[in-house]
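Novice: Take a look at work17.tsv, TSV, C-alpha atoms and all ligand atoms:
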```tsv
chain	number	residue	atom	x	y	z
A	27	MET	CA	28.94	-13.64	-5.27
A	28	THR	CA	27.67	-14.46	-8.77
A	29	GLU	CA	30.03	-15.04	-11.68
A	30	THR	CA	29.78	-11.45	-12.92
A	31	SER	CA	28.78	-9.46	-9.84
A	32	ALA	CA	30.69	-6.23	-9.31
A	33	PRO	CA	33.25	-5.99	-6.51
A	34	THR	CA	32.05	-4.83	-3.12
A	35	PRO	CA	31.74	-1.02	-2.86
A	36	SER	CA	33.66	0.76	-0.12
A	37	ALA	CA	32.78	3.85	1.89
A	38	GLY	CA	33.94	7.37	0.93
A	39	PRO	CA	32.51	10.39	-0.84
A	40	ALA	CA	32.96	9.15	-4.39
A	41	HIS	CA	31.94	5.68	-3.34
A	42	ALA	CA	28.47	6.60	-2.19
A	43	SER	CA	26.57	5.88	-5.40
A	44	ALA	CA	25.08	2.63	-6.74
A	45	PRO	CA	27.39	-0.25	-7.70
A	46	ALA	CA	28.08	-1.08	-11.32
A	47	PRO	CA	25.31	-2.78	-13.28
A	48	ALA	CA	25.56	-6.28	-14.73
A	49	PRO	CA	28.17	-6.35	-17.52
A	50	ALA	CA	25.58	-6.62	-20.29
A	51	ASP	CA	23.61	-3.66	-18.88
A	52	VAL	CA	26.46	-1.15	-19.09
A	53	ARG	CA	25.54	1.90	-21.19
A	54	ARG	CA	28.13	4.54	-20.21
A	55	VAL	CA	31.89	4.11	-20.28
A	56	ALA	CA	34.71	6.54	-19.56
A	57	CYS	CA	38.03	6.47	-21.41
A	58	VAL	CA	40.88	8.26	-19.65
A	59	GLY	CA	43.88	8.98	-21.84
A	60	ALA	CA	42.89	9.37	-25.49
A	61	GLY	CA	45.95	8.69	-27.60
A	62	VAL	CA	46.44	5.77	-29.99
A	63	ILE	CA	44.90	3.21	-27.63
A	64	GLY	CA	42.47	5.35	-25.62
A	65	GLY	CA	41.18	6.79	-28.91
A	66	GLY	CA	40.88	3.28	-30.32
A	67	TRP	CA	38.86	2.21	-27.27
A	68	VAL	CA	36.63	5.27	-27.69
A	69	ALA	CA	35.98	4.30	-31.32
A	70	HIS	CA	35.24	0.70	-30.32
A	71	PHE	CA	32.82	1.60	-27.54
A	72	LEU	CA	31.02	4.17	-29.72
A	73	ALA	CA	30.64	1.60	-32.49
A	74	ARG	CA	29.18	-0.86	-30.00
A	75	GLY	CA	26.53	1.69	-29.05
A	76	TYR	CA	27.85	2.99	-25.71
A	77	ASP	CA	27.79	6.57	-24.50
A	78	VAL	CA	31.45	7.47	-24.08
A	79	THR	CA	33.02	10.22	-22.01
A	80	ALA	CA	36.72	10.81	-22.59
A	81	TRP	CA	39.32	12.85	-20.77
A	82	ASP	CA	42.94	13.58	-21.72
A	83	PRO	CA	45.06	16.43	-20.33
A	84	ALA	CA	46.75	17.32	-23.66
A	85	ALA	CA	45.78	20.68	-25.16
A	86	ASP	CA	45.07	19.14	-28.56
A	87	ALA	CA	43.42	15.99	-27.20
A	88	GLU	CA	39.86	16.62	-28.39
A	89	PRO	CA	40.57	17.37	-32.09
A	90	ARG	CA	43.11	14.54	-32.15
A	91	LEU	CA	40.57	12.12	-30.67
A	92	ARG	CA	37.80	13.19	-33.02
A	93	ARG	CA	40.17	12.78	-35.99
A	94	LEU	CA	40.98	9.24	-34.85
A	95	VAL	CA	37.30	8.35	-34.45
A	96	ASP	CA	36.45	9.87	-37.86
A	97	ALA	CA	39.28	7.91	-39.49
A	98	ALA	CA	38.15	4.66	-37.86
A	99	TRP	CA	34.42	5.09	-38.52
A	100	PRO	CA	34.39	3.75	-42.13
A	101	ALA	CA	36.11	0.55	-40.96
A	102	LEU	CA	33.68	0.30	-38.06
A	103	GLY	CA	30.79	0.74	-40.47
A	104	GLN	CA	32.10	-2.22	-42.47
A	105	LEU	CA	32.30	-4.31	-39.31
A	106	GLY	CA	28.68	-3.44	-38.54
A	107	LEU	CA	27.64	-0.79	-36.05
A	108	ALA	CA	25.43	-1.68	-33.08
A	109	PRO	CA	21.92	-0.21	-33.25
A	110	GLY	CA	22.03	3.42	-32.15
A	111	ALA	CA	25.82	3.64	-32.41
A	112	SER	CA	26.96	7.14	-33.25
A	113	ALA	CA	30.15	9.18	-33.02
A	114	SER	CA	27.93	11.95	-31.63
A	115	ARG	CA	27.60	9.94	-28.40
A	116	LEU	CA	31.14	10.99	-27.47
A	117	THR	CA	31.54	13.69	-24.84
A	118	VAL	CA	34.98	15.10	-24.12
A	119	ALA	CA	35.09	16.09	-20.46
A	120	ALA	CA	37.00	19.05	-19.05
A	121	THR	CA	38.22	17.15	-15.99
A	122	LEU	CA	38.99	13.61	-14.95
A	123	GLU	CA	36.29	13.82	-12.26
A	124	GLU	CA	33.66	14.90	-14.79
A	125	ALA	CA	34.68	12.08	-17.15
A	126	VAL	CA	34.12	9.30	-14.63
A	127	ALA	CA	31.23	10.79	-12.60
A	128	GLY	CA	28.50	8.82	-14.41
A	129	ALA	CA	30.63	5.96	-15.71
A	130	GLN	CA	29.67	2.32	-15.36
A	131	PHE	CA	33.12	1.19	-16.54
A	132	VAL	CA	36.43	3.05	-16.84
A	133	GLN	CA	39.26	2.25	-19.30
A	134	GLU	CA	42.58	3.96	-18.50
A	135	SER	CA	45.01	4.39	-21.41
A	136	ALA	CA	47.59	6.92	-20.18
A	137	PRO	CA	51.32	6.73	-21.03
A	138	GLU	CA	53.24	3.64	-19.97
A	139	LYS	CA	55.02	5.16	-16.96
A	140	LEU	CA	54.64	3.38	-13.64
A	141	GLU	CA	54.53	6.45	-11.38
A	142	LEU	CA	51.99	8.14	-13.65
A	143	LYS	CA	49.79	5.03	-13.70
A	144	ARG	CA	49.96	4.69	-9.90
A	145	GLU	CA	48.95	8.28	-9.31
A	146	LEU	CA	46.28	8.28	-12.00
A	147	LEU	CA	44.69	5.02	-10.86
A	148	GLY	CA	44.61	6.46	-7.32
A	149	LYS	CA	42.78	9.55	-8.60
A	150	LEU	CA	40.42	7.48	-10.72
A	151	ASP	CA	39.63	5.27	-7.76
A	152	ALA	CA	38.79	8.33	-5.66
A	153	ALA	CA	36.54	9.86	-8.34
A	154	THR	CA	34.74	6.84	-9.79
A	155	PRO	CA	31.39	5.68	-8.36
A	156	ALA	CA	31.49	2.75	-5.96
A	157	GLY	CA	31.71	-0.73	-7.42
A	158	VAL	CA	32.56	0.49	-10.91
A	159	VAL	CA	35.43	-1.50	-12.39
A	160	ILE	CA	38.48	0.42	-13.61
A	161	ALA	CA	40.70	-1.26	-16.22
A	162	SER	CA	44.20	-0.27	-17.30
A	163	SER	CA	45.39	-0.76	-20.89
A	164	THR	CA	48.98	-1.23	-19.69
A	165	SER	CA	51.15	-3.28	-22.02
A	166	GLY	CA	53.00	-4.98	-19.23
A	167	TYR	CA	52.92	-3.50	-15.71
A	168	PRO	CA	51.48	-5.95	-13.22
A	169	MET	CA	48.37	-4.51	-11.53
A	170	THR	CA	50.00	-5.29	-8.18
A	171	ASP	CA	52.61	-2.60	-8.97
A	172	MET	CA	50.01	-0.06	-10.17
A	173	GLN	CA	47.26	-0.30	-7.54
A	174	THR	CA	49.39	1.07	-4.69
A	175	GLU	CA	47.68	4.49	-4.41
A	176	ALA	CA	44.06	3.29	-4.57
A	177	ASP	CA	41.82	3.17	-1.49
A	178	THR	CA	39.65	0.48	-3.12
A	179	PRO	CA	42.17	-1.51	-5.19
A	180	GLY	CA	39.75	-4.44	-5.39
A	181	ARG	CA	38.09	-2.99	-8.50
A	182	LEU	CA	41.32	-2.36	-10.47
A	183	VAL	CA	42.14	-4.77	-13.29
A	184	VAL	CA	44.36	-4.91	-16.35
A	185	GLY	CA	42.41	-4.94	-19.62
A	186	HIS	CA	45.21	-5.15	-22.17
A	187	PRO	CA	44.05	-4.46	-25.75
A	188	PHE	CA	45.75	-4.77	-29.14
A	189	ASN	CA	46.15	-1.96	-31.59
A	190	PRO	CA	43.71	-0.88	-32.87
A	191	PRO	CA	41.24	-1.85	-30.13
A	192	TYR	CA	38.34	-1.20	-32.52
A	193	LEU	CA	39.54	-3.99	-34.88
A	194	ILE	CA	41.68	-6.49	-33.03
A	195	PRO	CA	39.34	-8.54	-30.84
A	196	LEU	CA	41.73	-9.71	-28.09
A	197	VAL	CA	41.79	-8.29	-24.55
A	198	GLU	CA	43.90	-9.87	-21.81
A	199	VAL	CA	42.30	-9.49	-18.38
A	200	VAL	CA	44.17	-10.02	-15.11
A	201	GLY	CA	44.02	-8.65	-11.59
A	202	GLY	CA	46.69	-7.78	-9.06
A	203	GLU	CA	47.29	-9.13	-5.56
A	204	ARG	CA	44.72	-6.71	-4.13
A	205	THR	CA	42.14	-7.10	-6.90
A	206	ASP	CA	38.83	-8.73	-6.03
A	207	PRO	CA	38.51	-11.80	-8.31
A	208	ALA	CA	34.88	-10.69	-8.89
A	209	ALA	CA	36.20	-7.56	-10.60
A	210	VAL	CA	38.28	-9.71	-12.97
A	211	ARG	CA	35.22	-11.84	-13.78
A	212	TRP	CA	33.07	-8.75	-14.20
A	213	ALA	CA	35.58	-7.11	-16.56
A	214	SER	CA	35.89	-10.24	-18.69
A	215	ALA	CA	32.10	-10.51	-18.97
A	216	PHE	CA	31.84	-6.81	-19.80
A	217	TYR	CA	34.45	-6.99	-22.58
A	218	GLU	CA	32.67	-10.02	-24.04
A	219	ALA	CA	29.36	-8.14	-23.95
A	220	ALA	CA	31.20	-5.30	-25.73
A	221	GLY	CA	32.22	-7.62	-28.57
A	222	LYS	CA	35.80	-8.49	-27.56
A	223	SER	CA	37.58	-11.87	-27.38
A	224	VAL	CA	38.87	-12.29	-23.85
A	225	ILE	CA	41.65	-14.23	-22.22
A	226	THR	CA	41.19	-14.17	-18.45
A	227	MET	CA	44.39	-14.87	-16.57
A	228	ASP	CA	44.29	-16.31	-13.06
A	229	ARG	CA	47.72	-14.96	-12.14
A	230	GLU	CA	50.13	-12.18	-13.10
A	231	VAL	CA	52.52	-13.33	-15.81
A	232	PRO	CA	55.28	-10.98	-17.06
A	233	GLY	CA	54.10	-9.50	-20.36
A	234	PHE	CA	50.73	-11.25	-20.05
A	235	ILE	CA	50.38	-13.94	-22.75
A	236	ALA	CA	50.32	-12.36	-26.20
A	237	ASN	CA	52.84	-9.60	-25.46
A	238	ARG	CA	55.25	-12.14	-24.02
A	239	LEU	CA	55.04	-14.04	-27.31
A	240	GLN	CA	55.30	-10.86	-29.37
A	241	GLU	CA	58.30	-9.66	-27.41
A	242	ALA	CA	60.23	-12.84	-28.10
A	243	LEU	CA	59.72	-12.31	-31.83
A	244	TRP	CA	60.46	-8.58	-31.63
A	245	ARG	CA	63.67	-9.14	-29.66
A	246	GLU	CA	64.95	-11.61	-32.25
A	247	ALA	CA	64.01	-9.21	-35.07
A	248	LEU	CA	66.03	-6.42	-33.43
A	249	HIS	CA	69.04	-8.72	-33.00
A	250	MET	CA	68.91	-9.57	-36.71
A	251	VAL	CA	68.69	-5.89	-37.76
A	252	ALA	CA	71.46	-4.92	-35.32
A	253	ASN	CA	73.74	-7.63	-36.72
A	254	GLY	CA	72.91	-6.90	-40.35
A	255	GLU	CA	71.43	-10.39	-40.69
A	256	ALA	CA	68.10	-9.10	-42.00
A	257	THR	CA	66.62	-5.79	-43.11
A	258	VAL	CA	63.43	-4.33	-41.70
A	259	ARG	CA	61.71	-5.35	-44.95
A	260	ASP	CA	63.00	-8.94	-44.63
A	261	ILE	CA	61.64	-9.13	-41.11
A	262	ASP	CA	58.17	-7.93	-42.12
A	263	LEU	CA	58.04	-10.09	-45.25
A	264	SER	CA	59.11	-13.15	-43.29
A	265	ILE	CA	55.92	-12.87	-41.26
A	266	THR	CA	53.37	-11.48	-43.73
A	267	GLU	CA	54.33	-14.00	-46.45
A	268	GLY	CA	55.10	-16.77	-44.01
A	269	PRO	CA	53.89	-17.76	-40.55
A	270	GLY	CA	51.66	-14.68	-40.20
A	271	LEU	CA	49.30	-16.03	-42.85
A	272	ARG	CA	48.81	-19.21	-40.85
A	273	TRP	CA	48.66	-17.45	-37.48
A	274	ALA	CA	45.62	-15.45	-38.60
A	275	VAL	CA	43.67	-18.68	-38.86
A	276	MET	CA	45.39	-21.03	-36.41
A	277	GLY	CA	47.72	-20.34	-33.49
A	278	PRO	CA	51.35	-21.46	-33.27
A	279	MET	CA	50.49	-24.67	-31.44
A	280	LEU	CA	47.96	-26.12	-33.90
A	281	THR	CA	50.01	-24.75	-36.81
A	282	PHE	CA	52.98	-26.82	-35.64
A	283	ALA	CA	50.75	-29.85	-34.96
A	284	LEU	CA	50.14	-29.85	-38.71
A	285	ALA	CA	53.92	-29.85	-39.25
A	286	GLY	CA	53.83	-33.40	-37.89
A	287	GLY	CA	51.65	-34.62	-40.76
A	288	GLU	CA	49.37	-37.51	-39.83
A	289	GLY	CA	51.37	-37.93	-36.63
A	290	GLY	CA	50.28	-34.49	-35.47
A	291	MET	CA	52.03	-32.74	-32.58
A	292	ALA	CA	53.51	-35.96	-31.18
A	293	HIS	CA	55.44	-36.60	-34.38
A	294	MET	CA	56.33	-32.93	-34.69
A	295	LEU	CA	57.90	-33.03	-31.18
A	296	ASP	CA	59.76	-36.29	-31.87
A	297	HIS	CA	61.04	-34.95	-35.17
A	298	PHE	CA	61.87	-31.31	-34.36
A	299	GLY	CA	62.03	-31.26	-30.56
A	300	PRO	CA	65.83	-31.77	-30.53
A	301	SER	CA	66.33	-28.61	-32.62
A	302	LEU	CA	64.91	-26.60	-29.71
A	303	LYS	CA	68.40	-26.98	-28.28
A	304	SER	CA	69.98	-25.42	-31.37
A	305	PRO	CA	71.07	-21.84	-30.78
A	306	TRP	CA	68.49	-20.19	-33.04
A	307	THR	CA	67.43	-17.52	-30.60
A	308	ARG	CA	69.41	-14.98	-28.63
A	309	LEU	CA	66.95	-14.60	-25.72
A	310	ASP	CA	68.49	-11.50	-24.07
A	311	ALA	CA	67.28	-8.14	-25.34
A	312	PRO	CA	69.70	-6.33	-27.67
A	313	GLU	CA	71.09	-2.93	-26.64
A	314	LEU	CA	68.73	-0.35	-28.18
A	315	ASP	CA	71.62	1.93	-29.09
A	316	ARG	CA	71.49	4.84	-31.55
A	317	ALA	CA	72.62	2.74	-34.51
A	318	LEU	CA	69.87	0.13	-34.00
A	319	TYR	CA	67.28	2.81	-33.30
A	320	ASP	CA	68.16	4.67	-36.51
A	321	ALA	CA	68.30	1.47	-38.57
A	322	VAL	CA	64.81	0.41	-37.45
A	323	VAL	CA	63.27	3.86	-37.99
A	324	ALA	CA	64.93	4.26	-41.41
A	325	GLY	CA	63.95	0.71	-42.35
A	326	CYS	CA	60.31	1.43	-41.53
A	327	ASP	CA	60.40	4.68	-43.55
A	328	ASP	CA	61.82	2.71	-46.44
A	329	ALA	CA	59.19	-0.03	-46.08
A	330	ALA	CA	56.39	2.57	-45.96
A	331	ASP	CA	57.51	3.58	-49.45
A	332	GLY	CA	55.94	7.04	-49.36
A	333	ARG	CA	52.77	5.99	-47.53
A	334	THR	CA	51.90	8.20	-44.57
A	335	ILE	CA	50.90	6.81	-41.17
A	336	ALA	CA	47.27	7.65	-42.05
A	337	ASP	CA	47.65	5.69	-45.33
A	338	LEU	CA	49.09	2.73	-43.44
A	339	VAL	CA	46.32	2.83	-40.82
A	340	ALA	CA	43.67	2.79	-43.57
A	341	GLU	CA	45.46	-0.06	-45.36
A	342	ARG	CA	45.83	-2.07	-42.15
A	343	ASP	CA	42.17	-1.55	-41.21
A	344	ARG	CA	40.98	-2.61	-44.67
A	345	ASP	CA	43.11	-5.75	-44.70
A	346	VAL	CA	42.37	-6.78	-41.11
A	347	ILE	CA	38.65	-6.51	-41.90
A	348	SER	CA	39.20	-8.71	-44.97
A	349	VAL	CA	40.91	-11.32	-42.81
A	350	LEU	CA	38.17	-11.16	-40.16
A	351	ARG	CA	35.52	-11.49	-42.85
A	352	ALA	CA	37.32	-14.30	-44.69
A	353	THR	CA	37.71	-16.29	-41.49
A	354	GLY	CA	34.13	-15.75	-40.31
A	355	ARG	CA	35.20	-13.69	-37.32
A	356	LEU	CA	33.40	-10.41	-37.86
A	357	PRO	CA	32.00	-9.47	-34.45
A	358	GLY	CA	28.20	-9.55	-34.26
A	359	ALA	CA	26.87	-6.06	-34.93
A	360	GLY	CA	24.35	-6.63	-32.15
A	361	SER	CA	26.92	-6.98	-29.36
A	362	GLY	CA	27.47	-4.07	-27.01
A	363	ALA	CA	25.12	-1.54	-25.50
A	364	GLY	CA	23.15	-0.72	-28.61
A	365	GLU	CA	20.85	-3.70	-28.87
A	366	GLY	CA	17.29	-2.50	-28.76
A	367	ALA	CA	18.34	1.15	-29.00
A	368	ASP	CA	16.96	3.37	-31.75
A	369	ALA	CA	19.05	3.48	-34.90
A	370	GLU	CA	20.22	7.00	-35.78
B	401	LIG	N1	50.39	1.72	-28.66
B	401	LIG	C1	50.12	0.42	-28.57
B	401	LIG	O1	50.30	-0.35	-29.53
B	401	LIG	C2	49.56	-0.15	-27.32
B	401	LIG	C3	49.59	0.54	-26.10
B	401	LIG	N2	49.02	-0.01	-24.98
B	401	LIG	C4	49.02	0.73	-23.72
B	401	LIG	O2	48.05	1.76	-23.78
B	401	LIG	C5	48.46	2.86	-22.96
B	401	LIG	C6	48.46	4.11	-23.80
B	401	LIG	O3	49.41	3.96	-24.84
B	401	LIG	P1	49.28	4.77	-26.21
B	401	LIG	O4	47.86	5.06	-26.50
B	401	LIG	O5	50.10	4.03	-27.19
B	401	LIG	O6	50.01	6.12	-25.85
B	401	LIG	P2	49.82	7.57	-26.50
B	401	LIG	O7	51.05	8.32	-26.20
B	401	LIG	O8	49.35	7.46	-27.90
B	401	LIG	O9	48.60	8.17	-25.66
B	401	LIG	C7	48.69	8.48	-24.30
B	401	LIG	C8	47.69	9.58	-24.01
B	401	LIG	O10	47.65	9.80	-22.61
B	401	LIG	C9	47.55	11.19	-22.39
B	401	LIG	N3	48.01	11.48	-21.03
B	401	LIG	C10	49.21	11.99	-20.62
B	401	LIG	N4	49.22	12.11	-19.29
B	401	LIG	C11	48.01	11.65	-18.83
B	401	LIG	C12	47.41	11.54	-17.56
B	401	LIG	N5	48.06	11.90	-16.45
B	401	LIG	N6	46.16	11.07	-17.48
B	401	LIG	C13	45.48	10.70	-18.58
B	401	LIG	N7	45.99	10.78	-19.82
B	401	LIG	C14	47.25	11.25	-19.94
B	401	LIG	C15	48.39	11.82	-23.47
B	401	LIG	O11	48.00	13.17	-23.68
B	401	LIG	C16	48.07	10.91	-24.66
B	401	LIG	O12	46.98	11.41	-25.41
B	401	LIG	C17	49.81	2.48	-22.39
B	401	LIG	O13	49.62	1.94	-21.12
B	401	LIG	C18	50.31	1.42	-23.37
B	401	LIG	O14	51.22	0.53	-22.80
B	401	LIG	C19	48.37	-1.21	-25.01
B	401	LIG	C20	48.29	-1.93	-26.18
B	401	LIG	C21	48.92	-1.47	-27.40
B	402	LIG	C1	54.08	-2.39	-28.66
B	402	LIG	N1	53.20	-2.80	-27.56
B	402	LIG	C2	53.97	-3.56	-26.58
B	402	LIG	C3	52.69	-1.58	-26.93
B	402	LIG	C4	52.14	-3.62	-28.18
B	402	LIG	C5	51.03	-4.08	-27.31
B	402	LIG	O1	50.98	-3.92	-26.10
B	402	LIG	C6	49.91	-4.85	-27.94
B	402	LIG	C7	49.76	-4.73	-29.42
B	402	LIG	O2	48.96	-3.93	-29.89
B	402	LIG	O3	50.47	-5.45	-30.13
```
Please, can you express the file's structure as structure tokens?
Ligand SMILES: NC(=O)C1=CN([C@@H]2O[C@H](COP(=O)(O)OP(=O)(O)OC[C@H]3O[C@@H](n4cnc5c(N)ncnc54)[C@H](O)[C@@H]3O)[C@@H](O)[C@H]2O)C=CC1
Ligand SMILES: C[N+](C)(C)CC(=O)CC(=O)[O-]

Specialist:
Amino acid sequence: MTETSAPTPSAGPAHASAPAPAPADVRRVACVGAGVIGGGWVAHFLARGYDVTAWDPAADAEPRLRRLVDAAWPALGQLGLAPGASASRLTVAATLEEAVAGAQFVQESAPEKLELKRELLGKLDAATPAGVVIASSTSGYPMTDMQTEADTPGRLVVGHPFNPPYLIPLVEVVGGERTDPAAVRWASAFYEAAGKSVITMDREVPGFIANRLQEALWREALHMVANGEATVRDIDLSITEGPGLRWAVMGPMLTFALAGGEGGMAHMLDHFGPSLKSPWTRLDAPELDRALYDAVVAGCDDAADGRTIADLVAERDRDVISVLRATGRLPGAGSGAGEGADAE
């Protein structure tokens, strides 16, 4: 099997068609579940020149999705659209089966509920053409726990994005116990062809990599709010005016290597290693009781200072693009399906 060959197709009515193409040859993707993340994926794939078919069972799903794509399009234009990319290449399907019938890749972004994911991935597996890889956006369920209802679980992978998927490059890719490793390789190669930065994991790790790191920070933030040690504004400022500025250009490891001066990480560890034993962190999750819930929600309302969610999304998109541009990380406009296609 080559590095990026699709997993082996299995028999069955929906599995009778041709296997998935090479990752770079994909033209048609299906997005199932079209909320914050599914809609963000739709916007990303459209901007990269793919034909996208979406399905979501909510009554208001289509107008909501089109609003999200319209709101994201100016930012995507600044990033650089692939040749031929157009929001008009979005089709909203009436059924799940219709959405995936012609798909060469499927991205599932339904609510984070294990039973729902199991059932949905089973249905997607039954309806999606043979050999086509199906990825879940789950924030933390191991694929092993989600692939239980699928007849051909070998093609099911986790493709965990970051919000919004049309701006934040990272995707974490990992399979489950019954996933064919070729599907993991194929998915990673596909996401790269689609302009994403990919971490491919060779085993299931709770919370993947980035969410595990984020959760540690988030848990400590909640403890500090619950105990009155910091306000929501303090928490946000501590990152945006502090480590967050460095983390956009260098990760926590190299950042701390510089804390060791000319001695680098070795001196940093000799100097500050002992303080790891100091009780700075509280490790266990705090009780998310009503008081903490209300304090965090009210704190965010206060921090928004009259800005609506739409205002904040526009502000975030503008500033993330500035950071990507300033650090030379704007994705190539040519990546994706659109290369060689006619510009519209
Ligand atoms: N919100 C975030 O920051 C991130 C979320 N994720 C993951 O993405 C997935 C989706 O999360 P969000 O977009 O935030 O949720 P959301 O609530 O914004 O959207 C979920 C969508 O799924 C639809 N839906 C409900 N039942 C469905 C079904 N049976 N089949 C297909 N669609 C169905 C809903 O109508 C809704 O539009 C979750 O697995 C979540 O963990 C991943 C990264 C970041
Ligand atoms: C809040 N969250 C756990 C759903 C966040 C993610 O999964 C990734 C992100 O966008 O930070």

Novice: Of the candidates A:Tyr192, A:Ala60, A:Ala119, A:Asp151, which shows the shortest atom-to-atom distance to Arg92 in chain A, using all atoms listed in the file?

Specialist: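 Looking at the shortest contact to Arg92 in chain A, the residue is A:Ala60.
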
Novice: When you look at Gly128 in chain A with a cut-off of 9 Å (counting all atoms listed in the file), what residues show up, excluding the ones that are within fewer than 5 positions of it in the same chain? I need them as a list in words.

Specialist: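 What passes the distance filter is Arg54, Val55, Ala56, Thr79, Thr154 and Pro155 of chain A.
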
Novice: Between A:Val78, A:Val52, A:Ala85, A:Ala69, single out the one closest to ligand LIG 401 (chain B), counting all atoms listed in the file.

Specialist: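 Under the stated criterion, the closest residue is A:Ala85.
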
Novice: Identify, counting all atoms listed in the file, the protein, DNA and RNA residues located within 9 Å of ligand LIG 401 (chain B), and give them as JSON, numbers by chain.

Specialist: {"A": [58, 59, 60, 61, 62, 63, 64, 65, 66, 81, 82, 83, 84, 85, 86, 87, 90, 91, 122, 134, 135, 136, 137, 138, 139, 142, 143, 145, 146, 162, 163, 164, 165, 166, 167, 185, 186, 187, 188, 189, 190, 191, 237]}

Novice: Dump C-alpha atoms for the selected residues as a PDB file, keeping the file's coordinate frame?

Specialist:
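Saved the output as part21.pdb:
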```pdb
ATOM      1  CA  VAL A  58      40.880   8.260 -19.650  1.00  0.00           C
ATOM      2  CA  GLY A  59      43.880   8.980 -21.840  1.00  0.00           C
ATOM      3  CA  ALA A  60      42.890   9.370 -25.490  1.00  0.00           C
ATOM      4  CA  GLY A  61      45.950   8.690 -27.600  1.00  0.00           C
ATOM      5  CA  VAL A  62      46.440   5.770 -29.990  1.00  0.00           C
ATOM      6  CA  ILE A  63      44.900   3.210 -27.630  1.00  0.00           C
ATOM      7  CA  GLY A  64      42.470   5.350 -25.620  1.00  0.00           C
ATOM      8  CA  GLY A  65      41.180   6.790 -28.910  1.00  0.00           C
ATOM      9  CA  GLY A  66      40.880   3.280 -30.320  1.00  0.00           C
ATOM     10  CA  TRP A  81      39.320  12.850 -20.770  1.00  0.00           C
ATOM     11  CA  ASP A  82      42.940  13.580 -21.720  1.00  0.00           C
ATOM     12  CA  PRO A  83      45.060  16.430 -20.330  1.00  0.00           C
ATOM     13  CA  ALA A  84      46.750  17.320 -23.660  1.00  0.00           C
ATOM     14  CA  ALA A  85      45.780  20.680 -25.160  1.00  0.00           C
ATOM     15  CA  ASP A  86      45.070  19.140 -28.560  1.00  0.00           C
ATOM     16  CA  ALA A  87      43.420  15.990 -27.200  1.00  0.00           C
ATOM     17  CA  ARG A  90      43.110  14.540 -32.150  1.00  0.00           C
ATOM     18  CA  LEU A  91      40.570  12.120 -30.670  1.00  0.00           C
ATOM     19  CA  LEU A 122      38.990  13.610 -14.950  1.00  0.00           C
ATOM     20  CA  GLU A 134      42.580   3.960 -18.500  1.00  0.00           C
ATOM     21  CA  SER A 135      45.010   4.390 -21.410  1.00  0.00           C
ATOM     22  CA  ALA A 136      47.590   6.920 -20.180  1.00  0.00           C
ATOM     23  CA  PRO A 137      51.320   6.730 -21.030  1.00  0.00           C
ATOM     24  CA  GLU A 138      53.240   3.640 -19.970  1.00  0.00           C
ATOM     25  CA  LYS A 139      55.020   5.160 -16.960  1.00  0.00           C
ATOM     26  CA  LEU A 142      51.990   8.140 -13.650  1.00  0.00           C
ATOM     27  CA  LYS A 143      49.790   5.030 -13.700  1.00  0.00           C
ATOM     28  CA  GLU A 145      48.950   8.280  -9.310  1.00  0.00           C
ATOM     29  CA  LEU A 146      46.280   8.280 -12.000  1.00  0.00           C
ATOM     30  CA  SER A 162      44.200  -0.270 -17.300  1.00  0.00           C
ATOM     31  CA  SER A 163      45.390  -0.760 -20.890  1.00  0.00           C
ATOM     32  CA  THR A 164      48.980  -1.230 -19.690  1.00  0.00           C
ATOM     33  CA  SER A 165      51.150  -3.280 -22.020  1.00  0.00           C
ATOM     34  CA  GLY A 166      53.000  -4.980 -19.230  1.00  0.00           C
ATOM     35  CA  TYR A 167      52.920  -3.500 -15.710  1.00  0.00           C
ATOM     36  CA  GLY A 185      42.410  -4.940 -19.620  1.00  0.00           C
ATOM     37  CA  HIS A 186      45.210  -5.150 -22.170  1.00  0.00           C
ATOM     38  CA  PRO A 187      44.050  -4.460 -25.750  1.00  0.00           C
ATOM     39  CA  PHE A 188      45.750  -4.770 -29.140  1.00  0.00           C
ATOM     40  CA  ASN A 189      46.150  -1.960 -31.590  1.00  0.00           C
ATOM     41  CA  PRO A 190      43.710  -0.880 -32.870  1.00  0.00           C
ATOM     42  CA  PRO A 191      41.240  -1.850 -30.130  1.00  0.00           C
ATOM     43  CA  ASN A 237      52.840  -9.600 -25.460  1.00  0.00           C
TER      44      ASN A 237
END
```

Novice: From the list A:Gly110, A:Gly157, A:Pro100, A:Gly233, which residue is nearest ligand LIG 402 (chain B) when using all atoms listed in the file?

Specialist: A:Gly233

Novice: Quick one: distance from CA of Ile225 in chain A to CA of Gln104 in chain A in Å, one decimal?

Specialist: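 Computing the Euclidean distance for CA of Ile225 in chain A and CA of Gln104 in chain A yields 25.4 Å.
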
Novice: Please determine, counting only C-alpha atoms, which residue among A:Phe131, A:Phe298, A:Tyr319, A:Trp99 has the shortest atom-to-atom distance to Ala252 in chain A.

Specialist: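 Counting only C-alpha atoms, the residue closest to Ala252 in chain A is A:Tyr319.
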
Novice: Which polymer residues have any atom within 7 Å of an atom of Pro168 in chain A, counting all atoms listed in the file, with same-chain residues fewer than 2 positions away left out, as a list in words?

Specialist: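 Listed by chain and then number, they are Gly166, Thr170, Asp171, Met172, Gly202 and Glu230 of chain A.
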
Novice: Taking all atoms of ligand LIG 402 (chain B) that the file lists and extending 3 Å past them on each side, where is the centre of the axis-aligned box and how long are its edges? Answer in Å to one decimal, as JSON.

Specialist:
```
{"center_x": 51.5, "center_y": -3.5, "center_z": -28.1, "size_x": 11.1, "size_y": 9.9, "size_z": 10.0}
```

Novice: CA of Asp228 in chain A to CA of Val200 in chain A: how many Å, to one decimal?

Specialist: 6.6 Å
